[in-house]
Every structure is written in structure tokens, then in C-alpha cells.
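**Student:** Structure supplied as upload_4.txt; contents: compact mmCIF, C-alpha atoms.
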```txt
# COMPACT_ATOMS: atom_id res chain seq x y z
CA MET U 1 0.00 0.00 0.00
CA THR U 2 1.15 3.53 -0.78
CA VAL U 3 -0.41 6.83 0.16
CA LEU U 4 -2.02 6.93 -3.28
CA ASP U 5 -3.95 3.77 -2.39
CA LEU U 6 -5.50 5.17 0.77
CA ALA U 7 -9.25 4.91 1.08
CA ALA U 8 -11.56 7.75 2.03
CA PRO U 9 -11.57 8.64 5.73
CA ALA U 10 -13.44 6.27 7.98
CA PRO U 11 -16.77 7.66 9.22
CA VAL U 12 -16.99 9.05 12.70
CA ARG U 13 -18.35 6.45 15.12
CA GLY U 14 -21.77 7.17 16.56
CA GLN U 15 -23.77 10.36 16.15
CA VAL U 16 -20.86 12.69 16.87
CA THR U 17 -20.55 16.07 15.22
CA GLU U 18 -17.06 16.62 13.84
CA PHE U 19 -15.44 19.88 12.78
CA ARG U 20 -13.09 19.33 9.87
CA LEU U 21 -10.03 21.43 9.06
CA LEU U 22 -7.97 18.93 7.03
CA GLY U 23 -9.11 20.21 3.67
CA LEU U 24 -12.04 22.53 3.03
CA VAL U 25 -13.35 23.76 6.40
CA ALA U 26 -16.61 21.91 7.05
CA VAL U 27 -18.77 20.26 9.69
CA HIS U 28 -19.97 16.65 9.74
CA ASP U 29 -23.47 16.59 11.25
CA GLY U 30 -23.48 13.52 13.46
CA ALA U 31 -27.27 13.34 13.63
CA THR U 32 -27.96 13.36 9.88
CA GLY U 33 -24.59 12.38 8.40
CA ALA U 34 -24.69 15.51 6.25
CA GLY U 35 -21.70 17.67 5.44
CA ILE U 36 -22.05 21.38 6.17
CA VAL U 37 -19.74 23.82 4.37
CA PRO U 38 -19.96 27.51 5.35
CA CYS U 39 -20.44 29.78 2.38
CA GLY U 40 -17.38 31.82 1.44
CA PRO U 41 -13.76 31.92 2.63
CA LYS U 42 -14.44 34.41 5.43
CA GLN U 43 -17.20 32.28 6.92
CA ARG U 44 -14.92 29.25 6.79
CA ALA U 45 -11.99 31.21 8.22
CA LEU U 46 -14.16 32.42 11.10
CA LEU U 47 -15.34 28.89 11.89
CA ALA U 48 -11.79 27.53 11.64
CA THR U 49 -10.46 30.24 13.97
CA LEU U 50 -13.14 29.51 16.56
CA VAL U 51 -12.46 25.75 16.33
CA ILE U 52 -8.69 26.19 16.63
CA HIS U 53 -9.27 28.09 19.87
CA ALA U 54 -12.31 26.13 21.02
CA GLY U 55 -13.07 26.82 24.68
CA GLU U 56 -11.19 30.14 24.58
CA LEU U 57 -12.59 33.64 24.35
CA LEU U 58 -11.53 35.35 21.13
CA SER U 59 -11.81 39.12 21.23
CA VAL U 60 -13.63 41.07 18.54
CA ASP U 61 -10.37 42.82 17.61
CA ARG U 62 -8.54 39.54 17.15
CA LEU U 63 -11.29 38.07 14.97
CA VAL U 64 -11.49 41.25 12.91
CA GLU U 65 -7.74 41.06 12.30
CA GLU U 66 -8.06 37.40 11.32
CA LEU U 67 -10.77 38.11 8.72
CA TRP U 68 -9.72 41.51 7.34
CA GLY U 69 -6.11 42.05 8.35
CA ASP U 70 -5.00 45.68 8.55
CA ARG U 71 -7.82 46.86 6.25
CA PRO U 72 -11.04 46.14 8.13
CA PRO U 73 -14.31 47.71 6.99
CA SER U 74 -15.55 50.73 8.90
CA ASN U 75 -18.32 48.63 10.45
CA ALA U 76 -16.09 45.61 11.20
CA PRO U 77 -17.70 44.64 14.55
CA ASN U 78 -21.15 44.62 12.94
CA ALA U 79 -19.86 42.68 9.94
CA LEU U 80 -18.31 40.14 12.31
CA GLN U 81 -21.58 39.87 14.23
CA THR U 82 -23.37 39.12 10.96
CA HIS U 83 -20.89 36.34 10.10
CA VAL U 84 -21.33 34.83 13.57
CA ALA U 85 -25.12 34.91 13.22
CA ARG U 86 -24.91 33.11 9.89
CA LEU U 87 -22.66 30.44 11.39
CA ARG U 88 -25.10 29.92 14.26
CA ARG U 89 -27.92 29.26 11.81
CA LEU U 90 -25.74 26.88 9.83
CA LEU U 91 -24.38 24.65 12.61
CA PRO U 92 -26.29 21.61 13.90
CA SER U 93 -28.44 23.03 16.69
CA PRO U 94 -30.34 20.41 18.76
CA GLY U 95 -29.39 20.59 22.42
CA HIS U 96 -26.22 22.64 22.09
CA THR U 97 -25.22 26.29 21.81
CA TRP U 98 -22.04 26.27 19.75
CA ILE U 99 -21.06 29.94 19.74
CA SER U 100 -21.52 32.16 22.79
CA THR U 101 -21.44 35.96 22.67
CA LEU U 102 -19.54 37.49 25.57
CA PRO U 103 -18.96 41.18 26.40
CA THR U 104 -15.60 41.32 24.63
CA GLY U 105 -15.84 38.60 21.99
CA TYR U 106 -16.97 35.12 21.03
CA LEU U 107 -16.35 31.59 22.24
CA LEU U 108 -17.01 28.22 20.58
CA THR U 109 -17.76 25.26 22.85
CA LEU U 110 -17.21 21.80 21.37
CA GLY U 111 -19.14 19.89 24.02
CA HIS U 112 -19.30 16.29 22.84
CA ALA U 113 -18.20 17.20 19.30
CA SER U 114 -14.78 16.27 17.95
CA THR U 115 -12.38 17.46 15.25
CA ASP U 116 -10.58 15.63 12.48
CA VAL U 117 -7.38 17.29 13.74
CA THR U 118 -7.75 15.43 17.04
CA ARG U 119 -8.40 12.15 15.23
CA PHE U 120 -5.38 12.69 13.01
CA ALA U 121 -3.08 13.48 15.93
CA LEU U 122 -4.21 10.38 17.83
CA LEU U 123 -3.77 8.00 14.89
CA SER U 124 -0.46 9.56 13.85
CA GLY U 125 0.97 9.41 17.36
CA ARG U 126 0.01 5.76 17.82
CA GLY U 127 1.29 4.87 14.36
CA ARG U 128 4.67 6.55 14.79
CA ALA U 129 5.13 4.85 18.13
CA ALA U 130 4.41 1.45 16.55
CA VAL U 131 6.89 1.73 13.65
CA PRO U 132 9.92 0.10 15.36
CA GLU U 133 8.09 -2.92 16.80
CA ASP U 134 5.12 -3.49 14.51
CA PRO U 135 5.50 -1.76 11.12
CA ARG U 136 2.45 -3.45 9.56
CA TYR U 137 0.20 -2.16 12.32
CA ALA U 138 1.93 1.22 12.07
CA MET U 139 1.20 1.38 8.34
CA ARG U 140 -2.49 0.81 8.99
CA LEU U 141 -2.69 3.50 11.67
CA LEU U 142 -0.65 6.01 9.69
CA GLY U 143 -2.63 5.27 6.54
CA ASP U 144 -5.86 5.94 8.45
CA ALA U 145 -4.41 9.21 9.73
CA LEU U 146 -3.35 10.38 6.26
CA SER U 147 -6.71 9.41 4.73
CA LEU U 148 -8.35 12.12 6.84
CA TRP U 149 -6.69 14.76 4.66
CA GLN U 150 -9.03 15.92 1.89
CA GLY U 151 -6.78 18.71 0.66
CA PRO U 152 -4.44 21.32 2.15
CA ALA U 153 -5.28 22.11 5.78
CA LEU U 154 -7.77 25.00 6.10
CA GLN U 155 -8.04 25.10 2.33
CA ASP U 156 -8.77 28.67 1.09
CA SER U 157 -9.33 29.84 4.69
CA ARG U 158 -5.87 31.16 5.55
CA GLN U 159 -7.15 34.70 6.01
CA GLY U 160 -4.98 35.76 8.94
CA PRO U 161 -2.22 34.79 11.38
CA ILE U 162 -4.20 32.22 13.41
CA CYS U 163 -5.29 30.08 10.46
CA THR U 164 -1.97 30.51 8.68
CA ALA U 165 0.02 29.33 11.69
CA GLU U 166 -2.31 26.39 12.27
CA ALA U 167 -2.18 25.34 8.62
CA ASP U 168 1.63 25.41 8.72
CA ARG U 169 1.66 23.38 11.94
CA LEU U 170 -0.69 20.77 10.51
CA GLU U 171 1.28 20.50 7.28
CA GLU U 172 4.44 19.79 9.27
CA GLN U 173 2.59 17.04 11.15
CA ARG U 174 1.35 15.59 7.85
CA LEU U 175 4.89 15.43 6.47
CA THR U 176 6.19 13.82 9.66
CA THR U 177 3.40 11.24 9.38
CA LEU U 178 4.30 10.58 5.75
CA GLU U 179 7.93 10.00 6.74
CA ALA U 180 6.84 7.45 9.36
CA PHE U 181 4.46 5.77 6.89
CA TYR U 182 7.23 5.21 4.35
CA GLU U 183 9.69 4.14 7.03
CA ALA U 184 7.18 1.47 8.07
CA SER U 185 6.67 0.54 4.41
CA LEU U 186 10.41 -0.04 3.99
CA SER U 187 10.42 -2.18 7.13
CA CYS U 188 7.72 -4.28 5.50
CA GLY U 189 9.81 -4.78 2.36
CA LYS U 190 7.69 -2.55 0.13
CA ASP U 191 10.62 -0.63 -1.38
CA ALA U 192 9.58 -1.25 -5.01
CA GLU U 193 6.02 -0.09 -4.33
CA ILE U 194 6.93 3.23 -2.74
CA THR U 195 9.85 4.40 -4.90
CA SER U 196 7.71 6.54 -7.22
CA ASP U 197 5.91 8.14 -4.27
CA LEU U 198 9.24 9.05 -2.68
CA GLU U 199 10.52 10.45 -5.98
CA ARG U 200 7.50 12.75 -6.05
CA LEU U 201 7.93 13.77 -2.41
CA THR U 202 11.58 14.70 -2.88
CA ALA U 203 10.55 16.85 -5.84
CA ASP U 204 7.71 18.49 -3.88
CA HIS U 205 9.82 19.01 -0.72
CA PRO U 206 13.41 19.43 -1.97
CA LEU U 207 14.76 20.63 1.39
CA ARG U 208 13.35 17.79 3.47
CA GLU U 209 16.26 15.37 3.97
CA ARG U 210 14.25 12.46 5.37
CA PHE U 211 12.46 11.84 2.07
CA TYR U 212 15.82 11.66 0.27
CA ASP U 213 17.05 9.23 2.92
CA LEU U 214 14.07 6.90 2.47
CA LEU U 215 14.32 7.09 -1.32
CA MET U 216 18.01 6.17 -1.25
CA VAL U 217 17.23 3.05 0.77
CA ALA U 218 14.37 2.06 -1.54
CA LEU U 219 16.56 2.46 -4.64
CA TYR U 220 19.49 0.58 -3.10
CA ARG U 221 17.30 -2.38 -2.18
CA GLY U 222 16.05 -2.41 -5.74
CA GLY U 223 19.60 -2.86 -7.03
CA ARG U 224 19.89 0.77 -8.14
CA GLN U 225 22.96 1.87 -6.18
CA SER U 226 24.13 4.51 -8.64
CA GLU U 227 20.69 6.12 -8.66
CA ALA U 228 20.65 6.10 -4.87
CA LEU U 229 23.96 7.97 -4.83
CA GLY U 230 22.56 10.35 -7.43
CA VAL U 231 19.71 11.16 -5.05
CA TYR U 232 22.27 12.15 -2.43
CA GLU U 233 23.97 14.50 -4.89
CA ARG U 234 20.62 16.01 -5.83
CA ALA U 235 19.81 16.60 -2.16
CA ARG U 236 23.23 18.13 -1.54
CA ARG U 237 22.86 20.46 -4.52
CA HIS U 238 19.45 21.73 -3.33
CA LEU U 239 20.65 22.28 0.23
CA VAL U 240 23.86 24.05 -0.72
CA THR U 241 22.20 26.23 -3.36
CA THR U 242 19.15 27.17 -1.32
CA LEU U 243 20.36 27.20 2.28
CA GLY U 244 24.13 27.21 1.97
CA ILE U 245 24.49 24.05 4.08
CA GLU U 246 25.68 20.50 3.52
CA PRO U 247 23.41 17.50 4.18
CA GLY U 248 23.12 16.54 7.83
CA PRO U 249 24.82 13.55 9.48
CA PRO U 250 21.92 11.06 8.91
CA LEU U 251 21.93 11.61 5.13
CA ARG U 252 25.74 11.54 4.92
CA SER U 253 25.78 8.31 6.93
CA ARG U 254 23.24 6.82 4.55
CA MET U 255 25.43 7.68 1.57
CA GLU U 256 28.46 6.09 3.24
CA ALA U 257 26.44 2.97 4.07
CA ILE U 258 25.44 2.62 0.41
CA LEU U 259 29.04 3.02 -0.75
CA SER U 260 30.17 0.29 1.66
CA HIS U 261 27.17 -1.99 1.01
CA SER U 262 26.36 -1.99 4.71
CA PRO U 263 24.17 -4.93 5.78
CA THR U 264 22.08 -2.45 7.80
CA LEU U 265 20.48 -1.40 4.51
CA LEU U 266 18.92 -4.81 3.96
CA ALA U 267 15.24 -5.23 4.73
CA SER U 268 14.48 -7.17 7.88
CA ARG U 269 11.46 -9.42 8.02
CA PRO U 270 8.63 -7.61 9.85
CA ARG U 271 7.75 -9.26 13.08
CA ALA U 272 4.42 -10.97 13.29
CA LEU U 273 1.96 -9.44 15.70
CA ASP U 274 2.91 -10.71 19.14
CA LEU U 275 0.56 -11.27 22.03
CA THR U 276 1.31 -7.84 23.54
CA SER U 277 0.38 -6.07 20.31
CA GLU U 278 -2.82 -8.07 19.95
CA ILE U 279 -3.80 -7.21 23.53
CA ALA U 280 -3.13 -3.52 22.87
CA GLN U 281 -5.31 -3.55 19.76
CA LEU U 282 -8.09 -5.37 21.59
CA GLN U 283 -7.91 -2.87 24.44
CA ALA U 284 -8.20 0.01 21.98
CA ARG U 285 -11.32 -1.56 20.46
CA ILE U 286 -12.84 -2.11 23.90
CA GLU U 287 -12.17 1.51 24.86
CA GLN U 288 -13.87 2.70 21.66
CA LEU U 289 -16.90 0.51 22.36
CA VAL U 290 -17.14 1.95 25.88
CA ARG U 291 -17.03 5.49 24.45
CA ASP U 292 -19.74 4.62 21.93
CA GLN U 293 -21.90 3.14 24.69
CA GLU U 294 -21.47 6.22 26.88
CA ASP U 295 -22.39 8.47 23.95
CA LEU U 296 -25.52 6.41 23.23
CA LEU U 297 -26.61 6.49 26.89
CA ARG U 298 -26.02 10.24 27.03
CA ARG U 299 -28.17 10.85 23.96
CA ILE U 300 -30.94 8.61 25.31
CA GLN U 301 -30.89 10.56 28.58
CA GLU U 302 -30.93 13.91 26.79
CA GLU U 303 -33.86 12.80 24.66
CA HIS U 304 -35.73 11.60 27.75
CA GLU U 305 -35.11 14.87 29.62
CA SER U 306 -36.25 16.96 26.65
CA ARG U 307 -39.70 15.30 26.64
```
The structure given in the file should be rewritten as C-alpha cells.
**Tutor:**
Amino acid sequence: MTVLDLAAPAPVRGQVTEFRLLGLVAVHDGATGAGIVPCGPKQRALLATLVIHAGELLSVDRLVEELWGDRPPSNAPNALQTHVARLRRLLPSPGHTWISTLPTGYLLTLGHASTDVTRFALLSGRGRAAVPEDPRYAMRLLGDALSLWQGPALQDSRQGPICTAEADRLEEQRLTTLEAFYEASLSCGKDAEITSDLERLTADHPLRERFYDLLMVALYRGGRQSEALGVYERARRHLVTTLGIEPGPPLRSRMEAILSHSPTLLASRPRALDLTSEIAQLQARIEQLVRDQEDLLRRIQEEHESR
């Protein structure tokens, strides 16, 4: 499996509303299964900003700066109030007030809702931790994490400093997850399957040394030593020309290992799932079932109390 083979993101379990920032800013309505996309970049940027700082009061001035920068309209507070009112009408409403108006600004409360950013961070963290001991399991977790991305983070909603900084942070996490995914793939002996993906990634991110490193290993294992060394020279040229620095110690060590045909470059057989790993996976499933049960009981209680 390569990243290009990843399926669409798995649906959210239970009737949970999910705010989505990994692509076009949107909301998954847990009750109906519908997707809600605010109209216009400013509406989406406002929602994204409130979600990024969920549970925190955001002042009117800060939100105005986020939406209009240093050229706000003369009636900016009123224009902001109008955008907030439109968002309120758009968001799933039964039993929950999403956006509260306070004397100095606005606050979004997630309640029992979730975000795709949280799901991504959880899957990515577990997957990266599993790479050394269980690369097959790591590939599955990391693949699930990457499948949540439906485009650039906060797509077309990078209006101001809050959304811009968050989009940059999420992109860095995506690239780190990709690196771990391909490291796990190499540990599973999938060098031939991922070579073209790594070629593309080195072209798209010419200053990111880890992608060159992984590509060199994949090429070497495919009997393409001279091409692997050529990748090192390409990386060195980009780094020297753009940043004025030589490749770091890990990439230089990889080049030396290829020149000396180091046995450390050979693929090791991935370990079969051991009892500890199976127990951990079972525990994770049990915990998810417990959460689903608690959510169901909560909704039953809320429905009973509303009658």
C-alpha cells in the first residue's frame, strides 16, 4: 500500500458532530450524516479560527484582524456579528449552543463534538510509536491518519495569522506522518512499491532530507545503487544552493552505508503481531466501544429529559 492507495476517511463512530479542518473547512453533522460547508472563505476562516481556539474567548479585535487584516471595513464589529449569526444558523443546533457571545468577543464550545485534527493526531501518534516494533500495524494507523486529509489544511481559509500558523503546523505534522508511513513501508519490504511516491515527495519538498534518505534506501534495495547515490547528490545540490548548508549527518551516513554496502540497509522481516500487540489492539477496540456506549446512553438521557 502507498499513500495513493489510501481509502476515504473512515466515518466518525456514533452520532458525533465533527469539525473538519484537514481540507475545506466543514462540519460533519453527526445526527444526519450531512456535510455542512460555510459559504465563502471568510465564513470558513471564522469557523476555523473559533475551532482552533475552542473553549477560549476570542476578542472582537482579534477576529477582525483574522478576517480583514490591517484593512477592516468601517463597520467591522457589525460585519463580524453578521458572520457569527450566519454560522449559528448553519451549525447543527439540537441541544447545544455552539457559539456564545460574551462582552468582549466570542467563544465556541465543542461539548461532545470532535475534530478531524484530534483524530489525526491520535492516529499519527500511535502509528509513529508502533513503527519500530510493529510496522504493519503502524502502516495501517498512519494510513488511516493520512486518509483524513481531503486537501491542504484549512483550504482557502488562511485569512490571517491564526489560520496561517495552524495550517503550517498541521502540514508539518502531515509530512512527519508521511515519513513514518514510508519508514514502516520499507520495514515491510515494500521498497519497489513506494519508490515513485518518494521520488514525487523529494521533488515536492526538496529541502526535506528524510524523504531523500528513504528514497536512497528504496533504490538501493532495488539494485539501483548509482541512482541512490545520485539522489544524495541532488539533495546536496538543493541544500547548498538554497540554504548554503551541507546534508546533515543522517543523510551523509546513509550515503556512506550505500558506498560500503552496509548490511544495515537490507530489509528485515517484519515481526508478526505478538501477544502484547494483539492485547493492545483489543484494548483500543474495547475503549472505543465503551465510548460509543457512553455516547448512546447520554443521547438517550438527553432525549428523555427533553420530553
**Student:** What is the CA of Arg88 in chain U-CA of Glu171 in chain U distance in Å, reported with one decimal?
**Tutor:**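 Straight-line distance from CA of Arg88 in chain U to CA of Glu171 in chain U works out to 28.9 Å.
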**Student:** Using only C-alpha atoms, collect all residues at a distance of at most 12 Å from (12.7, -6.2, -1.7) as written in the file, then present them as a list in words.
**Tutor:**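 Every polymer residue passing the test: Ser185, Leu186, Ser187, Cys188, Gly189, Lys190, Asp191, Ala192, Glu193, Ile194, Thr195, Val217, Ala218, Leu219, Tyr220, Arg221, Gly222, Gly223, Arg224, Leu265, Leu266, Ala267, Ser268 and Arg269 of chain U.
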**Student:** Near Leu102 in chain U, within 10 Å and counting all atoms listed in the file, which residues show up once chain neighbours fewer than 4 positions away are dropped, as a list in words?
**Tutor:**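 Everything that qualifies: Leu57, Leu58, Ser59, Val60, Tyr106 and Leu107 of chain U.
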**Student:** Store the residues picked out above in a file with C-alpha atoms, as a PDB file, keeping the file's coordinate frame.
**Tutor:**
```pdb
ATOM      1  CA  LEU U  57     -12.590  33.640  24.350  1.00  0.00           C
ATOM      2  CA  LEU U  58     -11.530  35.350  21.130  1.00  0.00           C
ATOM      3  CA  SER U  59     -11.810  39.120  21.230  1.00  0.00           C
ATOM      4  CA  VAL U  60     -13.630  41.070  18.540  1.00  0.00           C
ATOM      5  CA  TYR U 106     -16.970  35.120  21.030  1.00  0.00           C
ATOM      6  CA  LEU U 107     -16.350  31.590  22.240  1.00  0.00           C
TER       7      LEU U 107
END
```
**Student:** Skip range 115-129 of chain U itself and residues of its chain fewer than 4 positions away, then list as a PyMOL selection string all residues within 6 Å of it, counting all atoms listed in the file.
**Tutor:** chain U and resi 18-20+138+141-142+145+180
**Student:** Can you spit out the residues from that selection as a PDB file, keeping the file's coordinate frame, using C-alpha atoms?
**Tutor:**
```
ATOM      1  CA  GLU U  18     -17.060  16.620  13.840  1.00  0.00           C
ATOM      2  CA  PHE U  19     -15.440  19.880  12.780  1.00  0.00           C
ATOM      3  CA  ARG U  20     -13.090  19.330   9.870  1.00  0.00           C
ATOM      4  CA  ALA U 138       1.930   1.220  12.070  1.00  0.00           C
ATOM      5  CA  LEU U 141      -2.690   3.500  11.670  1.00  0.00           C
ATOM      6  CA  LEU U 142      -0.650   6.010   9.690  1.00  0.00           C
ATOM      7  CA  ALA U 145      -4.410   9.210   9.730  1.00  0.00           C
ATOM      8  CA  ALA U 180       6.840   7.450   9.360  1.00  0.00           C
TER       9      ALA U 180
END
```
**Student:** Within 6 Å of Leu108 in chain U, counting only C-alpha atoms, which residues qualify if same-chain residues fewer than 5 places away don't, as a list in words?
**Tutor:** Leu50, Ala54, Gly55, Trp98 and Ile99 of chain U
**Student:** How far is it from CA of Pro103 in chain U to CA of Ile162 in chain U, in Å with one decimal?
**Tutor:**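 Separating CA of Pro103 in chain U from CA of Ile162 in chain U is a distance of 21.6 Å.
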**Student:** What is the distance between CA of Ala34 in chain U and CA of Cys163 in chain U, in Å to one decimal?
**Tutor:** 24.6 Å
**Student:** Select, from U:Arg252, U:His53, U:His261, U:Lys42, the residue with the minimum atom-to-atom distance to Gln159 in chain U, counting all atoms listed in the file.
**Tutor:**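 Under the stated criterion, the closest residue is U:Lys42.
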**Student:** Please provide the set of residues having any atom within 12 Å of Trp68 in chain U, restricted to only C-alpha atoms, with same-chain residues fewer than 3 positions apart removed, written as a short mmCIF file (atom, residue, chain, number, x, y, z; two decimals) with C-alpha atoms, keeping the file's coordinate frame.
**Tutor:**
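Output file selection32.cif is given in full below:
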```cif
data_model
loop_
_atom_site.label_atom_id
_atom_site.label_comp_id
_atom_site.auth_asym_id
_atom_site.auth_seq_id
_atom_site.Cartn_x
_atom_site.Cartn_y
_atom_site.Cartn_z
CA PRO U 41 -13.76 31.92 2.63
CA LYS U 42 -14.44 34.41 5.43
CA GLN U 43 -17.20 32.28 6.92
CA ALA U 45 -11.99 31.21 8.22
CA LEU U 46 -14.16 32.42 11.10
CA VAL U 60 -13.63 41.07 18.54
CA ASP U 61 -10.37 42.82 17.61
CA ARG U 62 -8.54 39.54 17.15
CA LEU U 63 -11.29 38.07 14.97
CA VAL U 64 -11.49 41.25 12.91
CA GLU U 65 -7.74 41.06 12.30
CA ARG U 71 -7.82 46.86 6.25
CA PRO U 72 -11.04 46.14 8.13
CA PRO U 73 -14.31 47.71 6.99
CA SER U 74 -15.55 50.73 8.90
CA ASN U 75 -18.32 48.63 10.45
CA ALA U 76 -16.09 45.61 11.20
CA PRO U 77 -17.70 44.64 14.55
CA ALA U 79 -19.86 42.68 9.94
CA LEU U 80 -18.31 40.14 12.31
CA SER U 157 -9.33 29.84 4.69
CA ARG U 158 -5.87 31.16 5.55
CA GLN U 159 -7.15 34.70 6.01
CA GLY U 160 -4.98 35.76 8.94
CA PRO U 161 -2.22 34.79 11.38
#
```
**Student:** Edge lengths and centre in Å to one decimal, as JSON, of the axis-aligned box that encloses all listed atoms of range 243-258 of chain U with 4 Å added on every side?
**Tutor:**
```
{"center_x": 24.4, "center_y": 14.9, "center_z": 4.9, "size_x": 16.1, "size_y": 32.6, "size_z": 17.1}
```
**Student:** Which is closer to His112 in chain U than all the others in U:Asp70, U:Gly30, U:Arg89, U:Ser100, using all atoms listed in the file?
**Tutor:**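 Between U:Asp70, U:Gly30, U:Arg89, U:Ser100, the residue approaching His112 in chain U most closely is U:Gly30.
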**Student:** Kindly provide, as an mmCIF file with C-alpha atoms, keeping the file's coordinate frame, the polymer residues lying within 12 Å of (10.1, 10.1, -3.2), counting all atoms listed in the file and using the coordinates exactly as they appear in the file.
**Tutor:**
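Heads up, here's the output in result_31.cif:
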```cif
data_model
loop_
_atom_site.group_PDB
_atom_site.id
_atom_site.type_symbol
_atom_site.label_atom_id
_atom_site.label_comp_id
_atom_site.auth_asym_id
_atom_site.auth_seq_id
_atom_site.Cartn_x
_atom_site.Cartn_y
_atom_site.Cartn_z
ATOM 1 C CA THR U 2 1.150 3.530 -0.780
ATOM 2 C CA VAL U 3 -0.410 6.830 0.160
ATOM 3 C CA LEU U 178 4.300 10.580 5.750
ATOM 4 C CA GLU U 179 7.930 10.000 6.740
ATOM 5 C CA TYR U 182 7.230 5.210 4.350
ATOM 6 C CA GLU U 183 9.690 4.140 7.030
ATOM 7 C CA ASP U 191 10.620 -0.630 -1.380
ATOM 8 C CA ALA U 192 9.580 -1.250 -5.010
ATOM 9 C CA GLU U 193 6.020 -0.090 -4.330
ATOM 10 C CA ILE U 194 6.930 3.230 -2.740
ATOM 11 C CA THR U 195 9.850 4.400 -4.900
ATOM 12 C CA SER U 196 7.710 6.540 -7.220
ATOM 13 C CA ASP U 197 5.910 8.140 -4.270
ATOM 14 C CA LEU U 198 9.240 9.050 -2.680
ATOM 15 C CA GLU U 199 10.520 10.450 -5.980
ATOM 16 C CA ARG U 200 7.500 12.750 -6.050
ATOM 17 C CA LEU U 201 7.930 13.770 -2.410
ATOM 18 C CA THR U 202 11.580 14.700 -2.880
ATOM 19 C CA ALA U 203 10.550 16.850 -5.840
ATOM 20 C CA ASP U 204 7.710 18.490 -3.880
ATOM 21 C CA HIS U 205 9.820 19.010 -0.720
ATOM 22 C CA PRO U 206 13.410 19.430 -1.970
ATOM 23 C CA ARG U 208 13.350 17.790 3.470
ATOM 24 C CA GLU U 209 16.260 15.370 3.970
ATOM 25 C CA ARG U 210 14.250 12.460 5.370
ATOM 26 C CA PHE U 211 12.460 11.840 2.070
ATOM 27 C CA TYR U 212 15.820 11.660 0.270
ATOM 28 C CA ASP U 213 17.050 9.230 2.920
ATOM 29 C CA LEU U 214 14.070 6.900 2.470
ATOM 30 C CA LEU U 215 14.320 7.090 -1.320
ATOM 31 C CA MET U 216 18.010 6.170 -1.250
ATOM 32 C CA VAL U 217 17.230 3.050 0.770
ATOM 33 C CA ALA U 218 14.370 2.060 -1.540
ATOM 34 C CA LEU U 219 16.560 2.460 -4.640
ATOM 35 C CA ALA U 228 20.650 6.100 -4.870
ATOM 36 C CA VAL U 231 19.710 11.160 -5.050
ATOM 37 C CA ALA U 235 19.810 16.600 -2.160
#
```
**Student:** Give me, as a list in words, all polymer residues having an atom no more than 6 Å from range 151-153 of chain U, counting all atoms listed in the file and skipping those fewer than 4 positions away in the same chain.
**Tutor:**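 What passes the distance filter is Leu21, Leu22, Gly23 and Ala167 of chain U.
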**Student:** Using all atoms listed in the file for the distances, tell me which of U:Arg174, U:Glu56, U:Gly230, U:Leu91 is nearest to Pro38 in chain U.
**Tutor:**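 Closest to Pro38 in chain U of all the choices is U:Leu91.
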